[in-house]
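Containing PDB, C-alpha atoms (C1' of nucleotides): input-v6.pdb.
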ATOM      1  CA  MET F   1       5.226  -4.404  13.473
ATOM      2  CA  ASN F   2       6.062  -0.833  14.373
ATOM      3  CA  LYS F   3       5.118   1.768  16.921
ATOM      4  CA  ASN F   4       3.312   3.248  13.983
ATOM      5  CA  THR F   5       1.497   6.572  13.967
ATOM      6  CA  LEU F   6      -1.099   5.234  11.562
ATOM      7  CA  SER F   7      -1.800   2.375  13.915
ATOM      8  CA  SER F   8      -2.457   4.582  16.917
ATOM      9  CA  PHE F   9      -4.269   7.141  14.839
ATOM     10  CA  VAL F  10      -6.816   4.655  13.572
ATOM     11  CA  LYS F  11      -7.216   2.975  16.910
ATOM     12  CA  SER F  12      -7.845   6.203  18.797
ATOM     13  CA  ARG F  13     -10.089   7.678  16.136
ATOM     14  CA  ARG F  14     -12.161   4.547  16.020
ATOM     15  CA  LYS F  15     -12.700   4.579  19.767
ATOM     16  CA  ILE F  16     -13.602   8.247  19.720
ATOM     17  CA  LEU F  17     -16.411   7.380  17.344
ATOM     18  CA  GLY F  18     -17.380   4.465  19.546
ATOM     19  CA  LEU F  19     -16.878   1.903  16.805
ATOM     20  CA  THR F  20     -15.689  -1.680  17.026
ATOM     21  CA  GLN F  21     -13.249  -3.076  14.510
ATOM     22  CA  VAL F  22     -16.175  -4.838  12.901
ATOM     23  CA  ASP F  23     -18.096  -1.561  12.659
ATOM     24  CA  LEU F  24     -15.153   0.179  11.104
ATOM     25  CA  ALA F  25     -14.627  -2.591   8.590
ATOM     26  CA  LEU F  26     -18.282  -2.491   7.559
ATOM     27  CA  LYS F  27     -18.504   1.291   7.325
ATOM     28  CA  SER F  28     -15.281   1.664   5.390
ATOM     29  CA  GLY F  29     -15.847  -1.303   3.133
ATOM     30  CA  VAL F  30     -12.593  -3.058   3.898
ATOM     31  CA  GLY F  31     -12.203  -6.468   5.445
ATOM     32  CA  LEU F  32     -12.046  -6.983   9.170
ATOM     33  CA  ARG F  33      -8.620  -8.478   8.807
ATOM     34  CA  PHE F  34      -7.412  -5.307   7.174
ATOM     35  CA  VAL F  35      -8.605  -3.126  10.030
ATOM     36  CA  ARG F  36      -6.771  -5.386  12.430
ATOM     37  CA  ASP F  37      -3.604  -5.356  10.376
ATOM     38  CA  MET F  38      -3.736  -1.557  10.383
ATOM     39  CA  GLU F  39      -4.165  -1.298  14.116
ATOM     40  CA  GLN F  40      -1.344  -3.735  14.698
ATOM     41  CA  GLY F  41       1.040  -1.653  12.677
ATOM     42  CA  LYS F  42       1.476  -3.799   9.611
ATOM     43  CA  ASN F  43       3.368  -1.602   7.223
ATOM     44  CA  SER F  44       2.890  -3.425   3.932
ATOM     45  CA  LEU F  45      -0.662  -2.250   3.438
ATOM     46  CA  ARG F  46      -2.098  -0.813   0.276
ATOM     47  CA  VAL F  47      -2.453   2.934   0.483
ATOM     48  CA  ASP F  48      -5.811   2.993  -1.287
ATOM     49  CA  LYS F  49      -7.252   0.647   1.317
ATOM     50  CA  ILE F  50      -5.791   2.736   4.108
ATOM     51  CA  ASN F  51      -7.423   5.806   2.618
ATOM     52  CA  GLN F  52     -10.728   3.983   2.435
ATOM     53  CA  VAL F  53     -10.618   3.817   6.227
ATOM     54  CA  LEU F  54      -9.148   7.261   6.809
ATOM     55  CA  TYR F  55     -11.923   8.899   4.808
ATOM     56  CA  LEU F  56     -14.257   8.100   7.680
ATOM     57  CA  PHE F  57     -12.026  10.240   9.853
ATOM     58  CA  GLY F  58     -11.712  13.010   7.288
ATOM     59  CA  HIS F  59      -8.121  12.137   6.567
ATOM     60  CA  VAL F  60      -5.963  10.763   3.778
ATOM     61  CA  MET F  61      -2.433   9.504   3.526
ATOM     62  CA  SER F  62      -0.088  12.153   2.238
ATOM     63  CA  PRO F  63       3.659  12.848   2.211
ATOM     64  CA  VAL F  64       4.755  14.847   5.241
ATOM     65  CA  ASN F  65       8.167  15.910   6.454
ATOM     66  CA  ILE F  66       9.936  13.376   8.613
ATOM     67  CA  GLY F  67       9.799  14.561  12.187
ATOM     68  CA  GLY F  68       6.943  16.883  11.327
ATOM     69  CA  SER F  69       5.852  17.053  14.983
ATOM     70  CA  ASP F  70       5.044  13.780  16.686
ATOM     71  CA  ASN F  71       1.297  14.107  16.605
ATOM     72  CA  VAL F  72      -0.682  13.736  13.423
ATOM     73  CA  GLU F  73      -0.838  17.413  12.406
ATOM     74  CA  GLU F  74      -3.642  18.896  14.504
ATOM     75  CA  SER F  75      -6.965  17.155  15.144
TER      76      SER F  75
ATOM     77  CA  MET V  76      -5.204   6.940 -12.401
ATOM     78  CA  ASN V  77      -5.720  10.127 -10.416
ATOM     79  CA  LYS V  78      -4.515  13.672 -10.376
ATOM     80  CA  ASN V  79      -2.654  12.468  -7.314
ATOM     81  CA  THR V  80      -0.582  14.632  -5.001
ATOM     82  CA  LEU V  81       1.824  11.791  -4.340
ATOM     83  CA  SER V  82       2.387  11.453  -8.038
ATOM     84  CA  SER V  83       3.305  15.078  -8.569
ATOM     85  CA  PHE V  84       5.243  15.230  -5.337
ATOM     86  CA  VAL V  85       7.542  12.401  -6.314
ATOM     87  CA  LYS V  86       7.947  13.588  -9.846
ATOM     88  CA  SER V  87       8.884  17.130  -8.878
ATOM     89  CA  ARG V  88      11.138  16.083  -6.036
ATOM     90  CA  ARG V  89      12.950  13.665  -8.253
ATOM     91  CA  LYS V  90      13.629  16.320 -10.849
ATOM     92  CA  ILE V  91      14.806  18.763  -8.218
ATOM     93  CA  LEU V  92      17.457  16.249  -7.270
ATOM     94  CA  GLY V  93      18.271  15.716 -10.922
ATOM     95  CA  LEU V  94      17.490  12.025 -10.852
ATOM     96  CA  THR V  95      16.031   9.816 -13.535
ATOM     97  CA  GLN V  96      13.401   7.220 -12.700
ATOM     98  CA  VAL V  97      16.134   4.616 -12.921
ATOM     99  CA  ASP V  98      18.292   6.557 -10.469
ATOM    100  CA  LEU V  99      15.427   6.878  -8.031
ATOM    101  CA  ALA V 100      14.626   3.187  -8.266
ATOM    102  CA  LEU V 101      18.214   2.245  -7.588
ATOM    103  CA  LYS V 102      18.723   4.686  -4.723
ATOM    104  CA  SER V 103      15.471   3.793  -3.008
ATOM    105  CA  GLY V 104      15.733   0.077  -3.598
ATOM    106  CA  VAL V 105      12.380  -0.336  -5.281
ATOM    107  CA  GLY V 106      11.793  -1.579  -8.767
ATOM    108  CA  LEU V 107      11.722   0.733 -11.741
ATOM    109  CA  ARG V 108       8.187  -0.309 -12.421
ATOM    110  CA  PHE V 109       7.171   0.846  -8.998
ATOM    111  CA  VAL V 110       8.620   4.314  -9.474
ATOM    112  CA  ARG V 111       6.726   4.591 -12.708
ATOM    113  CA  ASP V 112       3.482   3.424 -11.155
ATOM    114  CA  MET V 113       3.900   6.045  -8.457
ATOM    115  CA  GLU V 114       4.477   8.867 -10.887
ATOM    116  CA  GLN V 115       1.501   7.833 -12.963
ATOM    117  CA  GLY V 116      -0.799   8.021  -9.995
ATOM    118  CA  LYS V 117      -1.502   4.364  -9.373
ATOM    119  CA  ASN V 118      -3.274   4.317  -6.046
ATOM    120  CA  SER V 119      -3.055   0.669  -5.068
ATOM    121  CA  LEU V 120       0.578   0.846  -4.013
ATOM    122  CA  ARG V 121       2.015  -0.546  -0.828
ATOM    123  CA  VAL V 122       2.656   2.187   1.694
ATOM    124  CA  ASP V 123       5.948   0.700   2.871
ATOM    125  CA  LYS V 124       7.275   0.824  -0.663
ATOM    126  CA  ILE V 125       6.077   4.384  -1.061
ATOM    127  CA  ASN V 126       7.888   5.319   2.123
ATOM    128  CA  GLN V 127      11.031   3.672   0.840
ATOM    129  CA  VAL V 128      11.027   6.263  -1.914
ATOM    130  CA  LEU V 129       9.846   9.196   0.189
ATOM    131  CA  TYR V 130      12.687   8.679   2.678
ATOM    132  CA  LEU V 131      15.039  10.002   0.025
ATOM    133  CA  PHE V 132      13.048  13.218   0.115
ATOM    134  CA  GLY V 133      12.854  13.333   3.885
ATOM    135  CA  HIS V 134       9.168  12.490   3.886
ATOM    136  CA  VAL V 135       6.823   9.700   4.910
ATOM    137  CA  MET V 136       3.201   8.911   4.295
ATOM    138  CA  SER V 137       1.025  10.021   7.161
ATOM    139  CA  PRO V 138      -2.649  10.771   7.800
ATOM    140  CA  VAL V 139      -3.506  14.412   7.158
ATOM    141  CA  ASN V 140      -6.789  16.272   7.197
ATOM    142  CA  ILE V 141      -8.682  16.181   3.935
ATOM    143  CA  GLY V 142      -8.368  19.529   2.271
ATOM    144  CA  GLY V 143      -5.368  20.330   4.419
ATOM    145  CA  SER V 144      -4.128  22.938   1.913
ATOM    146  CA  ASP V 145      -3.552  21.807  -1.627
ATOM    147  CA  ASN V 146       0.195  21.745  -1.498
ATOM    148  CA  VAL V 147       2.080  19.066   0.379
ATOM    149  CA  GLU V 148       2.576  20.905   3.676
ATOM    150  CA  GLU V 149       5.524  23.179   3.035
ATOM    151  CA  SER V 150       8.667  22.189   1.155
TER     152      SER V 150
ATOM    153  C1'  DT P 151      16.949  14.542 -39.978
ATOM    154  C1'  DT P 152      19.646  11.018 -36.708
ATOM    155  C1'  DG P 153      21.209   9.437 -32.293
ATOM    156  C1'  DT P 154      20.741   9.326 -27.316
ATOM    157  C1'  DT P 155      18.381   9.594 -23.121
ATOM    158  C1'  DT P 156      14.381   9.301 -20.554
ATOM    159  C1'  DT P 157       9.826   7.812 -19.911
ATOM    160  C1'  DA P 158       5.697   4.907 -21.048
ATOM    161  C1'  DT P 159       3.378   0.352 -22.221
ATOM    162  C1'  DA P 160       2.988  -4.441 -22.405
ATOM    163  C1'  DC P 161       3.898  -9.136 -21.186
ATOM    164  C1'  DC P 162       5.027 -12.826 -17.872
ATOM    165  C1'  DC P 163       6.186 -14.694 -13.342
ATOM    166  C1'  DT P 164       6.585 -14.857  -8.327
ATOM    167  C1'  DT P 165       5.220 -13.212  -4.121
ATOM    168  C1'  DT P 166       1.910 -11.611  -1.013
ATOM    169  C1'  DA P 167      -1.906  -8.467   0.462
ATOM    170  C1'  DA P 168      -6.634  -8.882   1.303
ATOM    171  C1'  DG P 169     -10.536 -11.236   2.600
ATOM    172  C1'  DG P 170     -13.046 -15.100   4.580
ATOM    173  C1'  DT P 171     -13.528 -18.335   8.148
ATOM    174  C1'  DA P 172     -12.527 -20.429  12.329
ATOM    175  C1'  DT P 173     -10.411 -20.556  16.589
ATOM    176  C1'  DA P 174      -8.283 -18.507  20.736
ATOM    177  C1'  DC P 175      -7.539 -14.902  23.763
ATOM    178  C1'  DT P 176      -8.875 -11.016  26.476
ATOM    179  C1'  DA P 177     -11.547  -7.705  28.735
ATOM    180  C1'  DA P 178     -15.622  -6.695  30.493
ATOM    181  C1'  DT P 179     -19.982  -7.392  32.287
ATOM    182  C1'  DG P 180     -23.434 -10.127  35.505
TER     183       DG P 180
ATOM    184  C1'  DC Q 181     -17.364 -18.274  38.547
ATOM    185  C1'  DA Q 182     -19.740 -18.033  33.544
ATOM    186  C1'  DT Q 183     -21.207 -15.264  29.441
ATOM    187  C1'  DT Q 184     -20.749 -12.092  26.325
ATOM    188  C1'  DA Q 185     -18.401  -8.530  23.315
ATOM    189  C1'  DG Q 186     -14.386  -7.284  21.380
ATOM    190  C1'  DT Q 187      -9.909  -8.338  19.767
ATOM    191  C1'  DA Q 188      -6.037 -11.360  18.259
ATOM    192  C1'  DT Q 189      -4.088 -15.369  15.775
ATOM    193  C1'  DA Q 190      -3.995 -19.031  12.262
ATOM    194  C1'  DC Q 191      -5.029 -21.244   7.877
ATOM    195  C1'  DC Q 192      -6.560 -21.075   3.147
ATOM    196  C1'  DT Q 193      -7.723 -19.052  -1.434
ATOM    197  C1'  DT Q 194      -7.870 -15.522  -4.839
ATOM    198  C1'  DA Q 195      -6.531 -11.443  -6.983
ATOM    199  C1'  DA Q 196      -3.115  -8.378  -7.900
ATOM    200  C1'  DA Q 197       1.203  -5.750  -6.592
ATOM    201  C1'  DG Q 198       5.938  -5.781  -7.544
ATOM    202  C1'  DG Q 199       9.669  -6.863 -10.342
ATOM    203  C1'  DG Q 200      12.027  -8.147 -14.575
ATOM    204  C1'  DT Q 201      12.442  -7.603 -19.399
ATOM    205  C1'  DA Q 202      11.468  -5.943 -23.808
ATOM    206  C1'  DT Q 203       9.524  -2.721 -26.801
ATOM    207  C1'  DA Q 204       7.591   1.772 -27.979
ATOM    208  C1'  DA Q 205       7.128   6.459 -27.505
ATOM    209  C1'  DA Q 206       8.536  10.813 -26.296
ATOM    210  C1'  DA Q 207      12.053  14.385 -25.259
ATOM    211  C1'  DC Q 208      16.196  16.507 -26.175
ATOM    212  C1'  DA Q 209      20.755  17.167 -28.310
ATOM    213  C1'  DA Q 210      23.956  17.017 -32.219
TER     214       DA Q 210
END

In structure tokens, what does this structure look like?
Amino acid sequence: MNKNTLSSFVKSRRKILGLTQVDLALKSGVGLRFVRDMEQGKNSLRVDKINQVLYLFGHVMSPVNIGGSDNVEES
Amino acid sequence: MNKNTLSSFVKSRRKILGLTQVDLALKSGVGLRFVRDMEQGKNSLRVDKINQVLYLFGHVMSPVNIGGSDNVEES
DNA sequence: TTGTTTTATACCCTTTAAGGTATACTAATG
DNA sequence: CATTAGTATACCTTAAAGGGTATAAAACAA
């Protein structure tokens, strides 16, 4: 389990919206277990499921340059 | 099967390096079938496997804003 | 055309992600 | 302290991803 950017991104975004993991699972349509796996940095997740969650944050998974600034490209 | 950016990204990058699908599979350590699924826009792929391939291109999957310019953020 | 290389499709098998449920562990509150 | 809300961990089942192989279809060269 990594110090993953996706992990921290989801966790922080979720809290900004004032959602619990349960809320996020319901709104995105993925299982609660999946949300938890994401936030704990599991890296063998399916990208379509990840996107299902990221859509709520107006984001999608996409190829970016390695070392492309530490933050997740602007807001 | 989508008009996926990942699909076209991998395909074009691979050709730039003059690799066949077999070459890419061998160099990245994923199966040939996986490379083909990627290039055909299958969207239920595991993100760690995708990254295994993208590393060869100096890229990783990361959350980006939806509509964050159509191209894949510079070269 | 034929031959060769690359890519696409199809089948089967093994592994495992995803989800559900239940249980524990933490914060937090009162 | 106890009670609750939120999060983490564990077990089980099902569906499907990933990989291998084989075949077919393109793509390109001779």

**Prompt:** Taking the file as shown, what set of residues would the PyMOL selection byres ((chain P and resi 166) around 12) give back, as an MDAnalysis selection string?
**Reply:** (chainID F and resid 44:46) or (chainID V and resid 121) or (chainID P and resid 164:165 167:168) or (chainID Q and resid 194:198)

**Message:** Show me, as a ChimeraX atom specification, the residues of chain V whose atoms get within 6 Å of chain F, using only C-alpha atoms for the distance check.
**Reply:** /V:118-123,133-141

Name the residues that the PyMOL selection byres ((chain P and resi 171) around 12) pulls out of this structure, and write them as an mmCIF file with C-alpha atoms (C1' of nucleotides), in the coordinates of the input.
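Result went into selection.cif, see below:
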data_model
loop_
_atom_site.group_PDB
_atom_site.id
_atom_site.type_symbol
_atom_site.label_atom_id
_atom_site.label_comp_id
_atom_site.auth_asym_id
_atom_site.auth_seq_id
_atom_site.Cartn_x
_atom_site.Cartn_y
_atom_site.Cartn_z
ATOM 1 C CA LEU F 32 -12.046 -6.983 9.170
ATOM 2 C CA ARG F 33 -8.620 -8.478 8.807
ATOM 3 C "C1'" DG P 169 -10.536 -11.236 2.600
ATOM 4 C "C1'" DG P 170 -13.046 -15.100 4.580
ATOM 5 C "C1'" DA P 172 -12.527 -20.429 12.329
ATOM 6 C "C1'" DT P 173 -10.411 -20.556 16.589
ATOM 7 C "C1'" DA Q 190 -3.995 -19.031 12.262
ATOM 8 C "C1'" DC Q 191 -5.029 -21.244 7.877
ATOM 9 C "C1'" DC Q 192 -6.560 -21.075 3.147
ATOM 10 C "C1'" DT Q 193 -7.723 -19.052 -1.434
#

All file atoms of stretch 162-175 of chain P boxed axis-aligned, 8 Å per side, centre plus edges, as AutoDock Vina command-line options:
--center_x -3.5 --center_y -14.5 --center_z 2.9 --size_x 36.1 --size_y 28.1 --size_z 57.6

**Request:** Expand the PyMOL selection byres ((chain F) within 10 of (chain Q)) into the individual residues it matches in the shown file, reporting them as a ChimeraX atom specification.
**Result:** /F:20-22,36,40,46

Output the coordinates of chain F after least-squares fitting to chain V on all in-order C-alpha pairs, as a short mmCIF file (atom, residue, chain, number, x, y, z; two decimals) with C-alpha atoms, in the coordinates of the input.
data_model
loop_
_atom_site.label_atom_id
_atom_site.label_comp_id
_atom_site.auth_asym_id
_atom_site.auth_seq_id
_atom_site.Cartn_x
_atom_site.Cartn_y
_atom_site.Cartn_z
CA MET F 1 -5.14 6.94 -12.37
CA ASN F 2 -5.68 10.13 -10.43
CA LYS F 3 -4.46 13.68 -10.38
CA ASN F 4 -2.64 12.48 -7.32
CA THR F 5 -0.59 14.64 -4.99
CA LEU F 6 1.82 11.80 -4.34
CA SER F 7 2.38 11.43 -8.05
CA SER F 8 3.30 15.06 -8.59
CA PHE F 9 5.23 15.22 -5.37
CA VAL F 10 7.54 12.39 -6.34
CA LYS F 11 7.93 13.58 -9.88
CA SER F 12 8.86 17.12 -8.92
CA ARG F 13 11.12 16.08 -6.07
CA ARG F 14 12.94 13.66 -8.29
CA LYS F 15 13.61 16.32 -10.90
CA ILE F 16 14.78 18.77 -8.28
CA LEU F 17 17.43 16.25 -7.32
CA GLY F 18 18.25 15.72 -10.97
CA LEU F 19 17.47 12.02 -10.87
CA THR F 20 16.02 9.78 -13.55
CA GLN F 21 13.40 7.19 -12.71
CA VAL F 22 16.14 4.60 -12.94
CA ASP F 23 18.29 6.56 -10.48
CA LEU F 24 15.43 6.88 -8.06
CA ALA F 25 14.62 3.20 -8.27
CA LEU F 26 18.23 2.25 -7.59
CA LYS F 27 18.73 4.70 -4.73
CA SER F 28 15.48 3.82 -3.01
CA GLY F 29 15.75 0.10 -3.57
CA VAL F 30 12.40 -0.32 -5.26
CA GLY F 31 11.81 -1.56 -8.77
CA LEU F 32 11.74 0.75 -11.73
CA ARG F 33 8.20 -0.28 -12.44
CA PHE F 34 7.18 0.85 -9.00
CA VAL F 35 8.62 4.31 -9.47
CA ARG F 36 6.71 4.59 -12.71
CA ASP F 37 3.48 3.39 -11.16
CA MET F 38 3.90 6.03 -8.45
CA GLU F 39 4.47 8.84 -10.89
CA GLN F 40 1.50 7.78 -12.95
CA GLY F 41 -0.79 7.96 -9.98
CA LYS F 42 -1.49 4.31 -9.35
CA ASN F 43 -3.29 4.28 -6.06
CA SER F 44 -3.06 0.62 -5.07
CA LEU F 45 0.55 0.82 -4.00
CA ARG F 46 1.99 -0.55 -0.80
CA VAL F 47 2.63 2.18 1.72
CA ASP F 48 5.92 0.70 2.89
CA LYS F 49 7.27 0.82 -0.65
CA ILE F 50 6.06 4.38 -1.06
CA ASN F 51 7.87 5.32 2.12
CA GLN F 52 11.02 3.67 0.85
CA VAL F 53 11.02 6.27 -1.92
CA LEU F 54 9.84 9.20 0.18
CA TYR F 55 12.66 8.70 2.67
CA LEU F 56 15.02 10.01 0.02
CA PHE F 57 13.03 13.23 0.09
CA GLY F 58 12.84 13.34 3.88
CA HIS F 59 9.17 12.50 3.87
CA VAL F 60 6.83 9.71 4.90
CA MET F 61 3.20 8.92 4.28
CA SER F 62 1.02 10.03 7.15
CA PRO F 63 -2.66 10.78 7.78
CA VAL F 64 -3.50 14.41 7.12
CA ASN F 65 -6.78 16.28 7.14
CA ILE F 66 -8.66 16.19 3.87
CA GLY F 67 -8.32 19.56 2.21
CA GLY F 68 -5.33 20.34 4.39
CA SER F 69 -4.11 22.99 1.92
CA ASP F 70 -3.49 21.87 -1.63
CA ASN F 71 0.27 21.75 -1.46
CA VAL F 72 2.10 19.07 0.44
CA GLU F 73 2.50 20.89 3.77
CA GLU F 74 5.48 23.21 3.28
CA SER F 75 8.68 22.20 1.49
#

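Shortest separation to chain P among F:Ser12, F:Phe34, F:Leu17, F:Gly29 occurs at residue F:Phe34, atoms counted being all atoms listed in the file.
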
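We find atom CA of V:Val128 and atom CA of V:Met113 to be spaced 9.7 Å apart.
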
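Atom CA of V:Ala100 sits 27.6 Å away from atom CA of F:Ser7.
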
**Request:** Tell me, in Å to one decimal, how far atom CA of V:Leu101 is from atom CA of V:Gly116.
**Result:** 20.0 Å

**Prompt:** Using only C-alpha atoms (C1' of nucleotides), which chain P residues lie at most 9 Å away from chain V, written as a ChimeraX atom specification?
**Reply:** /P:156-158,167

Reconstruct stretch 42-53 of chain F at the level of N, CA and C atoms, and format the result as an mmCIF file, in the coordinates of the input.
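Output file part-v1.cif is given in full below:
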data_model
loop_
_atom_site.group_PDB
_atom_site.id
_atom_site.type_symbol
_atom_site.label_atom_id
_atom_site.label_comp_id
_atom_site.auth_asym_id
_atom_site.auth_seq_id
_atom_site.Cartn_x
_atom_site.Cartn_y
_atom_site.Cartn_z
ATOM 1 N N LYS F 42 0.931 -3.192 10.830
ATOM 2 C CA LYS F 42 1.476 -3.799 9.611
ATOM 3 C C LYS F 42 1.790 -2.691 8.618
ATOM 4 N N ASN F 43 2.949 -2.740 8.047
ATOM 5 C CA ASN F 43 3.368 -1.602 7.223
ATOM 6 C C ASN F 43 3.364 -1.907 5.727
ATOM 7 N N SER F 44 2.928 -3.087 5.362
ATOM 8 C CA SER F 44 2.890 -3.425 3.932
ATOM 9 C C SER F 44 1.455 -3.401 3.424
ATOM 10 N N LEU F 45 0.734 -2.381 3.844
ATOM 11 C CA LEU F 45 -0.662 -2.250 3.438
ATOM 12 C C LEU F 45 -0.776 -1.422 2.169
ATOM 13 N N ARG F 46 -1.860 -1.615 1.469
ATOM 14 C CA ARG F 46 -2.098 -0.813 0.276
ATOM 15 C C ARG F 46 -2.657 0.540 0.691
ATOM 16 N N VAL F 47 -2.104 1.580 0.070
ATOM 17 C CA VAL F 47 -2.453 2.934 0.483
ATOM 18 C C VAL F 47 -3.886 3.280 0.119
ATOM 19 N N ASP F 48 -4.417 2.693 -0.936
ATOM 20 C CA ASP F 48 -5.811 2.993 -1.287
ATOM 21 C C ASP F 48 -6.770 2.403 -0.249
ATOM 22 N N LYS F 49 -6.414 1.253 0.282
ATOM 23 C CA LYS F 49 -7.252 0.647 1.317
ATOM 24 C C LYS F 49 -7.156 1.448 2.610
ATOM 25 N N ILE F 50 -5.966 1.889 2.929
ATOM 26 C CA ILE F 50 -5.791 2.736 4.108
ATOM 27 C C ILE F 50 -6.670 3.978 3.988
ATOM 28 N N ASN F 51 -6.624 4.602 2.825
ATOM 29 C CA ASN F 51 -7.423 5.806 2.618
ATOM 30 C C ASN F 51 -8.914 5.530 2.754
ATOM 31 N N GLN F 52 -9.322 4.376 2.313
ATOM 32 C CA GLN F 52 -10.728 3.983 2.435
ATOM 33 C C GLN F 52 -11.177 4.080 3.892
ATOM 34 N N VAL F 53 -10.294 3.734 4.798
ATOM 35 C CA VAL F 53 -10.618 3.817 6.227
ATOM 36 C C VAL F 53 -10.478 5.250 6.718
#
